[in-house]
$ cat my_file.txt   # compact mmCIF, N, CA and C atoms
# COMPACT_ATOMS: atom_id res chain seq x y z
N MET A 29 -7.84 120.92 -37.72
CA MET A 29 -7.74 119.49 -37.92
C MET A 29 -9.09 118.87 -37.58
N SER A 30 -9.54 117.96 -38.43
CA SER A 30 -10.84 117.33 -38.20
C SER A 30 -10.75 116.31 -37.07
N ASN A 31 -11.93 115.95 -36.55
CA ASN A 31 -11.97 114.98 -35.45
C ASN A 31 -11.40 113.63 -35.86
N SER A 32 -11.70 113.19 -37.09
CA SER A 32 -11.20 111.88 -37.53
C SER A 32 -9.68 111.90 -37.64
N THR A 33 -9.11 113.01 -38.09
CA THR A 33 -7.65 113.12 -38.18
C THR A 33 -7.04 113.12 -36.79
N GLN A 34 -7.66 113.84 -35.87
CA GLN A 34 -7.16 113.86 -34.49
C GLN A 34 -7.21 112.47 -33.87
N ASN A 35 -8.31 111.74 -34.12
CA ASN A 35 -8.44 110.38 -33.58
C ASN A 35 -7.37 109.46 -34.13
N ARG A 36 -7.12 109.57 -35.46
CA ARG A 36 -6.07 108.73 -36.06
C ARG A 36 -4.71 109.06 -35.47
N CYS A 37 -4.39 110.36 -35.30
CA CYS A 37 -3.11 110.78 -34.72
C CYS A 37 -3.00 110.29 -33.28
N SER A 38 -4.08 110.38 -32.54
CA SER A 38 -4.07 109.95 -31.15
C SER A 38 -3.83 108.44 -31.06
N ARG A 39 -4.52 107.67 -31.93
CA ARG A 39 -4.32 106.21 -31.94
C ARG A 39 -2.90 105.87 -32.34
N ALA A 40 -2.35 106.56 -33.34
CA ALA A 40 -0.98 106.29 -33.78
C ALA A 40 0.02 106.59 -32.66
N THR A 41 -0.22 107.68 -31.93
CA THR A 41 0.65 108.03 -30.81
C THR A 41 0.60 106.95 -29.73
N LYS A 42 -0.61 106.47 -29.42
CA LYS A 42 -0.77 105.42 -28.40
C LYS A 42 -0.08 104.13 -28.84
N LEU A 43 -0.22 103.77 -30.12
CA LEU A 43 0.42 102.56 -30.62
C LEU A 43 1.94 102.69 -30.58
N THR A 44 2.44 103.87 -30.94
CA THR A 44 3.89 104.11 -30.91
C THR A 44 4.41 103.99 -29.49
N ARG A 45 3.71 104.58 -28.53
CA ARG A 45 4.11 104.48 -27.13
C ARG A 45 4.08 103.03 -26.65
N ALA A 46 3.03 102.29 -27.03
CA ALA A 46 2.91 100.90 -26.61
C ALA A 46 4.06 100.06 -27.19
N ALA A 47 4.40 100.29 -28.45
CA ALA A 47 5.50 99.55 -29.07
C ALA A 47 6.83 99.89 -28.40
N ARG A 48 7.04 101.16 -28.11
CA ARG A 48 8.27 101.58 -27.45
C ARG A 48 8.36 100.98 -26.05
N ASN A 49 7.27 101.01 -25.32
CA ASN A 49 7.28 100.44 -23.97
C ASN A 49 7.48 98.93 -24.00
N ALA A 50 6.91 98.26 -24.99
CA ALA A 50 7.08 96.81 -25.09
C ALA A 50 8.54 96.46 -25.34
N SER A 51 9.25 97.27 -26.13
CA SER A 51 10.65 96.97 -26.42
C SER A 51 11.53 97.22 -25.20
N TYR A 52 11.04 97.96 -24.21
CA TYR A 52 11.81 98.25 -23.02
C TYR A 52 11.49 97.30 -21.87
N ARG A 53 10.60 96.33 -22.10
CA ARG A 53 10.25 95.40 -21.04
C ARG A 53 11.52 94.71 -20.55
N THR A 54 11.61 94.58 -19.26
CA THR A 54 12.82 93.98 -18.70
C THR A 54 12.67 92.48 -18.59
N ASN A 55 13.76 91.83 -18.73
CA ASN A 55 13.84 90.39 -18.60
C ASN A 55 14.28 90.11 -17.16
N ALA A 56 13.50 89.33 -16.42
CA ALA A 56 13.79 89.09 -15.00
C ALA A 56 15.16 88.46 -14.80
N SER A 57 15.51 87.49 -15.66
CA SER A 57 16.81 86.84 -15.49
C SER A 57 17.95 87.82 -15.76
N GLU A 58 17.77 88.72 -16.73
CA GLU A 58 18.81 89.72 -16.99
C GLU A 58 18.94 90.67 -15.80
N PHE A 59 17.80 91.05 -15.22
CA PHE A 59 17.84 91.93 -14.06
C PHE A 59 18.61 91.28 -12.91
N TYR A 60 18.33 90.01 -12.64
CA TYR A 60 19.03 89.32 -11.56
C TYR A 60 20.53 89.22 -11.84
N ARG A 61 20.88 88.95 -13.10
CA ARG A 61 22.29 88.85 -13.48
C ARG A 61 23.00 90.19 -13.34
N LEU A 62 22.33 91.26 -13.76
CA LEU A 62 22.94 92.59 -13.72
C LEU A 62 23.08 93.13 -12.30
N ARG A 63 22.16 92.77 -11.41
CA ARG A 63 22.21 93.30 -10.05
C ARG A 63 22.98 92.39 -9.11
N PHE A 64 23.59 91.34 -9.66
CA PHE A 64 24.33 90.37 -8.85
C PHE A 64 25.29 91.08 -7.90
N GLY A 65 25.21 90.73 -6.62
CA GLY A 65 26.11 91.29 -5.62
C GLY A 65 25.63 92.58 -5.00
N LEU A 66 24.53 93.13 -5.49
CA LEU A 66 23.99 94.38 -4.94
C LEU A 66 22.86 94.07 -3.97
N SER A 67 22.91 94.67 -2.81
CA SER A 67 21.77 94.57 -1.89
C SER A 67 20.67 95.50 -2.39
N ASP A 68 19.48 95.37 -1.83
CA ASP A 68 18.40 96.27 -2.21
C ASP A 68 18.79 97.72 -1.92
N GLN A 69 19.46 97.96 -0.81
CA GLN A 69 19.85 99.33 -0.46
C GLN A 69 20.89 99.87 -1.44
N GLN A 70 21.86 99.04 -1.84
CA GLN A 70 22.86 99.49 -2.80
C GLN A 70 22.23 99.79 -4.16
N LEU A 71 21.30 98.94 -4.58
CA LEU A 71 20.59 99.17 -5.83
C LEU A 71 19.77 100.46 -5.74
N ALA A 72 19.11 100.67 -4.62
CA ALA A 72 18.32 101.89 -4.42
C ALA A 72 19.21 103.12 -4.48
N ASP A 73 20.36 103.06 -3.84
CA ASP A 73 21.29 104.20 -3.87
C ASP A 73 21.79 104.46 -5.29
N LEU A 74 22.09 103.41 -6.02
CA LEU A 74 22.57 103.54 -7.40
C LEU A 74 21.50 104.15 -8.30
N ALA A 75 20.24 103.72 -8.12
CA ALA A 75 19.14 104.19 -8.98
C ALA A 75 18.49 105.47 -8.48
N GLY A 76 18.82 105.88 -7.25
CA GLY A 76 18.23 107.10 -6.70
C GLY A 76 16.78 106.92 -6.30
N VAL A 77 16.44 105.74 -5.80
CA VAL A 77 15.07 105.46 -5.36
C VAL A 77 15.11 104.95 -3.91
N ASP A 78 13.92 104.75 -3.36
CA ASP A 78 13.80 104.22 -2.01
C ASP A 78 14.09 102.71 -2.02
N ARG A 79 14.55 102.19 -0.90
CA ARG A 79 14.87 100.76 -0.78
C ARG A 79 13.66 99.89 -1.07
N THR A 80 12.47 100.35 -0.68
CA THR A 80 11.26 99.54 -0.91
C THR A 80 10.99 99.39 -2.42
N THR A 81 11.33 100.40 -3.19
CA THR A 81 11.16 100.31 -4.65
C THR A 81 12.10 99.25 -5.21
N ALA A 82 13.35 99.27 -4.77
CA ALA A 82 14.31 98.26 -5.22
C ALA A 82 13.86 96.87 -4.80
N ASN A 83 13.26 96.77 -3.63
CA ASN A 83 12.76 95.50 -3.14
C ASN A 83 11.62 95.00 -4.03
N ARG A 84 10.74 95.90 -4.47
CA ARG A 84 9.63 95.53 -5.36
C ARG A 84 10.17 95.03 -6.71
N TRP A 85 11.24 95.68 -7.20
CA TRP A 85 11.86 95.23 -8.45
C TRP A 85 12.40 93.81 -8.28
N ARG A 86 13.09 93.57 -7.17
CA ARG A 86 13.69 92.26 -6.94
C ARG A 86 12.63 91.16 -6.86
N ARG A 87 11.52 91.45 -6.19
CA ARG A 87 10.44 90.46 -6.04
C ARG A 87 9.62 90.30 -7.32
N GLY A 88 9.77 91.23 -8.26
CA GLY A 88 9.00 91.17 -9.49
C GLY A 88 7.63 91.82 -9.38
N ASP A 89 7.40 92.56 -8.29
CA ASP A 89 6.11 93.24 -8.09
C ASP A 89 5.99 94.48 -8.96
N SER A 90 7.11 95.05 -9.39
CA SER A 90 7.12 96.26 -10.21
C SER A 90 8.06 96.07 -11.39
N GLU A 91 7.72 96.73 -12.48
CA GLU A 91 8.57 96.72 -13.67
C GLU A 91 9.81 97.57 -13.40
N VAL A 92 10.98 97.06 -13.75
CA VAL A 92 12.22 97.83 -13.59
C VAL A 92 12.29 98.82 -14.74
N PRO A 93 12.45 100.12 -14.46
CA PRO A 93 12.51 101.11 -15.54
C PRO A 93 13.69 100.86 -16.49
N PHE A 94 13.48 101.22 -17.73
CA PHE A 94 14.51 101.05 -18.77
C PHE A 94 15.81 101.73 -18.36
N ALA A 95 15.72 102.95 -17.82
CA ALA A 95 16.92 103.70 -17.44
C ALA A 95 17.72 102.97 -16.37
N VAL A 96 17.05 102.32 -15.45
CA VAL A 96 17.75 101.57 -14.40
C VAL A 96 18.46 100.36 -15.01
N MET A 97 17.81 99.68 -15.95
CA MET A 97 18.46 98.55 -16.62
C MET A 97 19.70 99.02 -17.38
N GLU A 98 19.60 100.16 -18.06
CA GLU A 98 20.76 100.68 -18.78
C GLU A 98 21.88 101.04 -17.81
N LEU A 99 21.52 101.61 -16.68
CA LEU A 99 22.50 101.95 -15.65
C LEU A 99 23.20 100.69 -15.13
N LEU A 100 22.45 99.63 -14.91
CA LEU A 100 23.04 98.37 -14.46
C LEU A 100 23.94 97.77 -15.53
N ARG A 101 23.55 97.90 -16.80
CA ARG A 101 24.41 97.41 -17.89
C ARG A 101 25.73 98.17 -17.91
N LEU A 102 25.64 99.49 -17.75
CA LEU A 102 26.87 100.29 -17.73
C LEU A 102 27.74 99.91 -16.54
N ARG A 103 27.12 99.68 -15.39
CA ARG A 103 27.88 99.30 -14.19
C ARG A 103 28.63 98.00 -14.43
N ARG A 104 28.03 97.11 -15.17
CA ARG A 104 28.65 95.81 -15.45
C ARG A 104 29.71 95.93 -16.53
N GLY A 105 29.75 97.05 -17.23
CA GLY A 105 30.72 97.23 -18.30
C GLY A 105 30.17 96.88 -19.66
N THR A 106 28.86 96.67 -19.75
CA THR A 106 28.22 96.34 -21.02
C THR A 106 27.60 97.60 -21.60
N LEU A 107 27.84 97.85 -22.87
CA LEU A 107 27.27 99.03 -23.50
C LEU A 107 25.76 98.87 -23.63
N PRO A 108 25.00 99.93 -23.37
CA PRO A 108 23.54 99.85 -23.41
C PRO A 108 22.98 99.81 -24.82
N ARG A 109 21.69 99.52 -24.91
CA ARG A 109 21.01 99.45 -26.21
C ARG A 109 21.08 100.77 -26.96
N ALA A 110 21.21 101.86 -26.23
CA ALA A 110 21.28 103.17 -26.87
C ALA A 110 22.50 103.31 -27.77
N CYS A 111 23.47 102.42 -27.63
CA CYS A 111 24.69 102.47 -28.44
C CYS A 111 24.50 101.79 -29.79
N GLY A 112 23.29 101.44 -30.12
CA GLY A 112 22.98 100.87 -31.43
C GLY A 112 23.71 99.57 -31.70
N ALA A 113 24.52 99.54 -32.76
CA ALA A 113 25.20 98.32 -33.18
C ALA A 113 26.21 97.82 -32.15
N PHE A 114 26.63 98.69 -31.23
CA PHE A 114 27.58 98.29 -30.19
C PHE A 114 26.89 97.79 -28.92
N ALA A 115 25.59 97.72 -28.92
CA ALA A 115 24.86 97.24 -27.74
C ALA A 115 25.31 95.82 -27.42
N GLY A 116 25.54 95.56 -26.16
CA GLY A 116 25.97 94.24 -25.73
C GLY A 116 27.48 94.07 -25.68
N PHE A 117 28.22 94.96 -26.33
CA PHE A 117 29.68 94.91 -26.24
C PHE A 117 30.08 95.24 -24.81
N ARG A 118 31.22 94.72 -24.40
CA ARG A 118 31.74 95.01 -23.07
C ARG A 118 33.02 95.80 -23.17
N VAL A 119 33.30 96.58 -22.15
CA VAL A 119 34.57 97.28 -22.05
C VAL A 119 35.34 96.60 -20.93
N VAL A 120 36.43 95.95 -21.30
CA VAL A 120 37.27 95.24 -20.34
C VAL A 120 38.67 95.84 -20.43
N GLU A 121 39.07 96.47 -19.33
CA GLU A 121 40.34 97.20 -19.28
C GLU A 121 40.36 98.19 -20.44
N ASP A 122 41.26 98.01 -21.41
CA ASP A 122 41.34 98.96 -22.53
C ASP A 122 40.80 98.35 -23.82
N ARG A 123 39.98 97.30 -23.72
CA ARG A 123 39.49 96.60 -24.90
C ARG A 123 37.97 96.69 -25.04
N LEU A 124 37.51 96.77 -26.29
CA LEU A 124 36.10 96.69 -26.63
C LEU A 124 35.85 95.26 -27.09
N VAL A 125 35.02 94.53 -26.34
CA VAL A 125 34.84 93.10 -26.56
C VAL A 125 33.43 92.82 -27.07
N PRO A 126 33.31 92.10 -28.21
CA PRO A 126 31.98 91.76 -28.72
C PRO A 126 31.25 90.82 -27.77
N PRO A 127 29.92 90.78 -27.86
CA PRO A 127 29.16 89.86 -27.01
C PRO A 127 29.63 88.41 -27.21
N ASP A 128 29.67 87.66 -26.13
CA ASP A 128 30.03 86.24 -26.14
C ASP A 128 31.45 85.96 -26.62
N ALA A 129 32.32 86.95 -26.62
CA ALA A 129 33.71 86.73 -27.02
C ALA A 129 34.60 86.80 -25.78
N HIS A 130 35.73 86.17 -25.87
CA HIS A 130 36.72 86.23 -24.78
C HIS A 130 37.32 87.64 -24.79
N TRP A 131 37.68 88.13 -23.61
CA TRP A 131 38.17 89.50 -23.51
C TRP A 131 39.41 89.72 -24.37
N GLN A 132 40.22 88.68 -24.59
CA GLN A 132 41.43 88.85 -25.41
C GLN A 132 41.10 89.02 -26.89
N ASP A 133 39.87 88.65 -27.28
CA ASP A 133 39.46 88.80 -28.68
C ASP A 133 38.97 90.21 -28.99
N GLY A 134 38.88 91.04 -27.96
CA GLY A 134 38.44 92.42 -28.17
C GLY A 134 39.51 93.25 -28.86
N ILE A 135 39.14 94.45 -29.18
CA ILE A 135 40.07 95.35 -29.85
C ILE A 135 40.49 96.44 -28.87
N ALA A 136 41.77 96.69 -28.82
CA ALA A 136 42.31 97.69 -27.90
C ALA A 136 42.12 99.08 -28.47
N ALA A 137 42.01 100.05 -27.59
CA ALA A 137 41.84 101.44 -28.02
C ALA A 137 43.01 101.87 -28.91
N ARG A 138 44.20 101.40 -28.59
CA ARG A 138 45.40 101.73 -29.38
C ARG A 138 45.23 101.24 -30.82
N GLU A 139 44.64 100.05 -31.01
CA GLU A 139 44.44 99.50 -32.35
C GLU A 139 43.45 100.34 -33.15
N VAL A 140 42.39 100.79 -32.50
CA VAL A 140 41.41 101.65 -33.17
C VAL A 140 42.08 102.94 -33.62
N LYS A 141 42.86 103.52 -32.74
CA LYS A 141 43.56 104.76 -33.07
C LYS A 141 44.52 104.54 -34.25
N ASP A 142 45.26 103.42 -34.24
CA ASP A 142 46.18 103.11 -35.34
C ASP A 142 45.44 102.97 -36.66
N TRP A 143 44.27 102.28 -36.64
CA TRP A 143 43.48 102.13 -37.86
C TRP A 143 43.02 103.48 -38.37
N TRP A 144 42.59 104.34 -37.45
CA TRP A 144 42.12 105.66 -37.86
C TRP A 144 43.26 106.44 -38.51
N LEU A 145 44.45 106.41 -37.91
CA LEU A 145 45.60 107.13 -38.48
C LEU A 145 45.97 106.56 -39.86
N LEU A 146 45.95 105.24 -39.99
CA LEU A 146 46.25 104.61 -41.27
C LEU A 146 45.24 105.05 -42.32
N ARG A 147 43.98 105.07 -41.98
CA ARG A 147 42.93 105.49 -42.91
C ARG A 147 43.14 106.94 -43.34
N GLN A 148 43.51 107.81 -42.41
CA GLN A 148 43.75 109.21 -42.74
C GLN A 148 44.91 109.34 -43.72
N ARG A 149 45.94 108.55 -43.53
CA ARG A 149 47.10 108.59 -44.45
C ARG A 149 46.72 108.12 -45.84
N LEU A 150 45.90 107.06 -45.92
CA LEU A 150 45.47 106.54 -47.20
C LEU A 150 44.58 107.52 -47.94
N VAL A 151 43.74 108.23 -47.22
CA VAL A 151 42.83 109.19 -47.82
C VAL A 151 43.62 110.35 -48.43
N ARG A 152 44.68 110.74 -47.79
CA ARG A 152 45.49 111.89 -48.25
C ARG A 152 46.26 111.57 -49.53
N ARG A 153 46.49 110.31 -49.84
CA ARG A 153 47.28 109.95 -51.02
C ARG A 153 46.52 110.12 -52.27
$ encode --input "my_file.txt" --output "structure tokens"
Amino acid sequence: MSNSTQNRCSRATKLTRAARNASYRTNASEFYRLRFGLSDQQLADLAGVDRTTANRWRRGDSEVPFAVMELLRLRRGTLPRACGAFAGFRVVEDRLVPPDAHWQDGIAAREVKDWWLLRQRLVRR
């Protein structure tokens, strides 16, 4: 591989990493909302880090890692961004609830199963 090709690949890799990291930037207000009720020590225990690290996150001295934000979203019952189109949905009792919807507007697991069975019956006809 020529030097110019290597340089282009290296620059593309750096740009890709920068774009990926930018999309994982944490929102301070979301962090505060997600960690509501957790002390620094409880957050540290949950994330597997030292209490001083959790304290730095709370003060805004350090960037909160993407994985920790996803863990906090799961703890709250909100599906993480990794779930694609279901990101932001909540799981309340036995219901999958869209973002900004009342929990009663969600769909129960039983309803999903019924739809799947109905679809299977229709396909067989």
$ residues_around --input "my_file.txt" --residues "segment 115-126 of chain A" --least-positions-apart "6" --cutoff "5 Å" --atoms "only N, CA and C atoms" --output "PDB file with N, CA and C atoms, in the coordinates of the input"
ATOM      1  N   GLY A 105      29.750  97.050 -17.230  1.00  0.00           N
ATOM      2  CA  GLY A 105      30.720  97.230 -18.300  1.00  0.00           C
ATOM      3  C   GLY A 105      30.170  96.880 -19.660  1.00  0.00           C
ATOM      4  N   THR A 106      28.860  96.670 -19.750  1.00  0.00           N
ATOM      5  CA  THR A 106      28.220  96.340 -21.020  1.00  0.00           C
ATOM      6  C   THR A 106      27.600  97.600 -21.600  1.00  0.00           C
ATOM      7  N   LEU A 107      27.840  97.850 -22.870  1.00  0.00           N
ATOM      8  CA  LEU A 107      27.270  99.030 -23.500  1.00  0.00           C
ATOM      9  C   LEU A 107      25.760  98.870 -23.630  1.00  0.00           C
ATOM     10  N   PRO A 108      25.000  99.930 -23.370  1.00  0.00           N
ATOM     11  CA  PRO A 108      23.540  99.850 -23.410  1.00  0.00           C
ATOM     12  C   PRO A 108      22.980  99.810 -24.820  1.00  0.00           C
ATOM     13  N   ARG A 109      21.690  99.520 -24.910  1.00  0.00           N
ATOM     14  CA  ARG A 109      21.010  99.450 -26.210  1.00  0.00           C
ATOM     15  C   ARG A 109      21.080 100.770 -26.960  1.00  0.00           C
ATOM     16  N   GLY A 134      38.880  91.040 -27.960  1.00  0.00           N
ATOM     17  CA  GLY A 134      38.440  92.420 -28.170  1.00  0.00           C
ATOM     18  C   GLY A 134      39.510  93.250 -28.860  1.00  0.00           C
ATOM     19  N   ILE A 135      39.140  94.450 -29.180  1.00  0.00           N
ATOM     20  CA  ILE A 135      40.070  95.350 -29.850  1.00  0.00           C
ATOM     21  C   ILE A 135      40.490  96.440 -28.870  1.00  0.00           C
ATOM     22  N   ALA A 136      41.770  96.690 -28.820  1.00  0.00           N
ATOM     23  CA  ALA A 136      42.310  97.690 -27.900  1.00  0.00           C
ATOM     24  C   ALA A 136      42.120  99.080 -28.470  1.00  0.00           C
ATOM     25  N   ALA A 137      42.010 100.050 -27.590  1.00  0.00           N
ATOM     26  CA  ALA A 137      41.840 101.440 -28.020  1.00  0.00           C
ATOM     27  C   ALA A 137      43.010 101.870 -28.910  1.00  0.00           C
TER      28      ALA A 137
END
$ atom_distance --input "my_file.txt" --atom1 "atom N of His130 of chain A" --atom2 "atom N of Asn55 of chain A"
23.8 Å
$ atom_distance --input "my_file.txt" --atom1 "atom CA of Ala72 of chain A" --atom2 "atom CA of Arg86 of chain A"
11.0 Å
$ closest_residue --input "my_file.txt" --among "A:Asp89, A:Thr80, A:Arg104, A:Met97" --to "Phe59 of chain A" --atoms "all atoms listed in the file"
A:Met97
$ closest_residue --input "my_file.txt" --among "A:Arg101, A:Asp142, A:Arg79, A:Leu150" --to "Arg63 of chain A" --atoms "only N, CA and C atoms"
A:Arg101
$ atom_distance --input "my_file.txt" --atom1 "atom C of Asp68 of chain A" --atom2 "atom CA of Cys111 of chain A"
27.6 Å
$ residues_around --input "my_file.txt" --residues "Val92 of chain A" --least-positions-apart "4" --cutoff "12 Å" --atoms "only C-alpha atoms" --output "ChimeraX atom specification"
/A:49,52-56,58-60,62-63,71-72,75,77,81-88,96-100
$ decode --input "my_file.txt" --residues "segment 92-105 of chain A" --atoms "N, CA and C atoms" --output "PDB file, in the first residue's frame"
ATOM      1  N   VAL A  92     -18.868  11.178  30.928  1.00  0.00           N
ATOM      2  CA  VAL A  92     -19.452   9.901  31.358  1.00  0.00           C
ATOM      3  C   VAL A  92     -19.377   8.949  30.167  1.00  0.00           C
ATOM      4  N   PRO A  93     -18.778   7.766  30.339  1.00  0.00           N
ATOM      5  CA  PRO A  93     -18.671   6.826  29.217  1.00  0.00           C
ATOM      6  C   PRO A  93     -20.045   6.398  28.685  1.00  0.00           C
ATOM      7  N   PHE A  94     -20.081   6.128  27.403  1.00  0.00           N
ATOM      8  CA  PHE A  94     -21.314   5.704  26.738  1.00  0.00           C
ATOM      9  C   PHE A  94     -21.908   4.482  27.427  1.00  0.00           C
ATOM     10  N   ALA A  95     -21.069   3.503  27.775  1.00  0.00           N
ATOM     11  CA  ALA A  95     -21.563   2.271  28.401  1.00  0.00           C
ATOM     12  C   ALA A  95     -22.244   2.551  29.738  1.00  0.00           C
ATOM     13  N   VAL A  96     -21.738   3.504  30.485  1.00  0.00           N
ATOM     14  CA  VAL A  96     -22.354   3.853  31.772  1.00  0.00           C
ATOM     15  C   VAL A  96     -23.716   4.500  31.534  1.00  0.00           C
ATOM     16  N   MET A  97     -23.813   5.371  30.525  1.00  0.00           N
ATOM     17  CA  MET A  97     -25.102   5.982  30.203  1.00  0.00           C
ATOM     18  C   MET A  97     -26.119   4.916  29.793  1.00  0.00           C
ATOM     19  N   GLU A  98     -25.680   3.950  28.992  1.00  0.00           N
ATOM     20  CA  GLU A  98     -26.586   2.874  28.579  1.00  0.00           C
ATOM     21  C   GLU A  98     -27.023   2.051  29.792  1.00  0.00           C
ATOM     22  N   LEU A  99     -26.106   1.803  30.701  1.00  0.00           N
ATOM     23  CA  LEU A  99     -26.420   1.066  31.924  1.00  0.00           C
ATOM     24  C   LEU A  99     -27.449   1.829  32.757  1.00  0.00           C
ATOM     25  N   LEU A 100     -27.295   3.133  32.869  1.00  0.00           N
ATOM     26  CA  LEU A 100     -28.259   3.947  33.613  1.00  0.00           C
ATOM     27  C   LEU A 100     -29.621   3.956  32.921  1.00  0.00           C
ATOM     28  N   ARG A 101     -29.624   3.969  31.589  1.00  0.00           N
ATOM     29  CA  ARG A 101     -30.900   3.908  30.862  1.00  0.00           C
ATOM     30  C   ARG A 101     -31.601   2.582  31.133  1.00  0.00           C
ATOM     31  N   LEU A 102     -30.836   1.501  31.116  1.00  0.00           N
ATOM     32  CA  LEU A 102     -31.426   0.189  31.403  1.00  0.00           C
ATOM     33  C   LEU A 102     -31.964   0.139  32.825  1.00  0.00           C
ATOM     34  N   ARG A 103     -31.220   0.708  33.763  1.00  0.00           N
ATOM     35  CA  ARG A 103     -31.653   0.725  35.164  1.00  0.00           C
ATOM     36  C   ARG A 103     -32.983   1.454  35.302  1.00  0.00           C
ATOM     37  N   ARG A 104     -33.156   2.485  34.531  1.00  0.00           N
ATOM     38  CA  ARG A 104     -34.385   3.279  34.589  1.00  0.00           C
ATOM     39  C   ARG A 104     -35.528   2.581  33.859  1.00  0.00           C
ATOM     40  N   GLY A 105     -35.216   1.561  33.073  1.00  0.00           N
ATOM     41  CA  GLY A 105     -36.250   0.860  32.321  1.00  0.00           C
ATOM     42  C   GLY A 105     -36.394   1.366  30.907  1.00  0.00           C
TER      43      GLY A 105
END
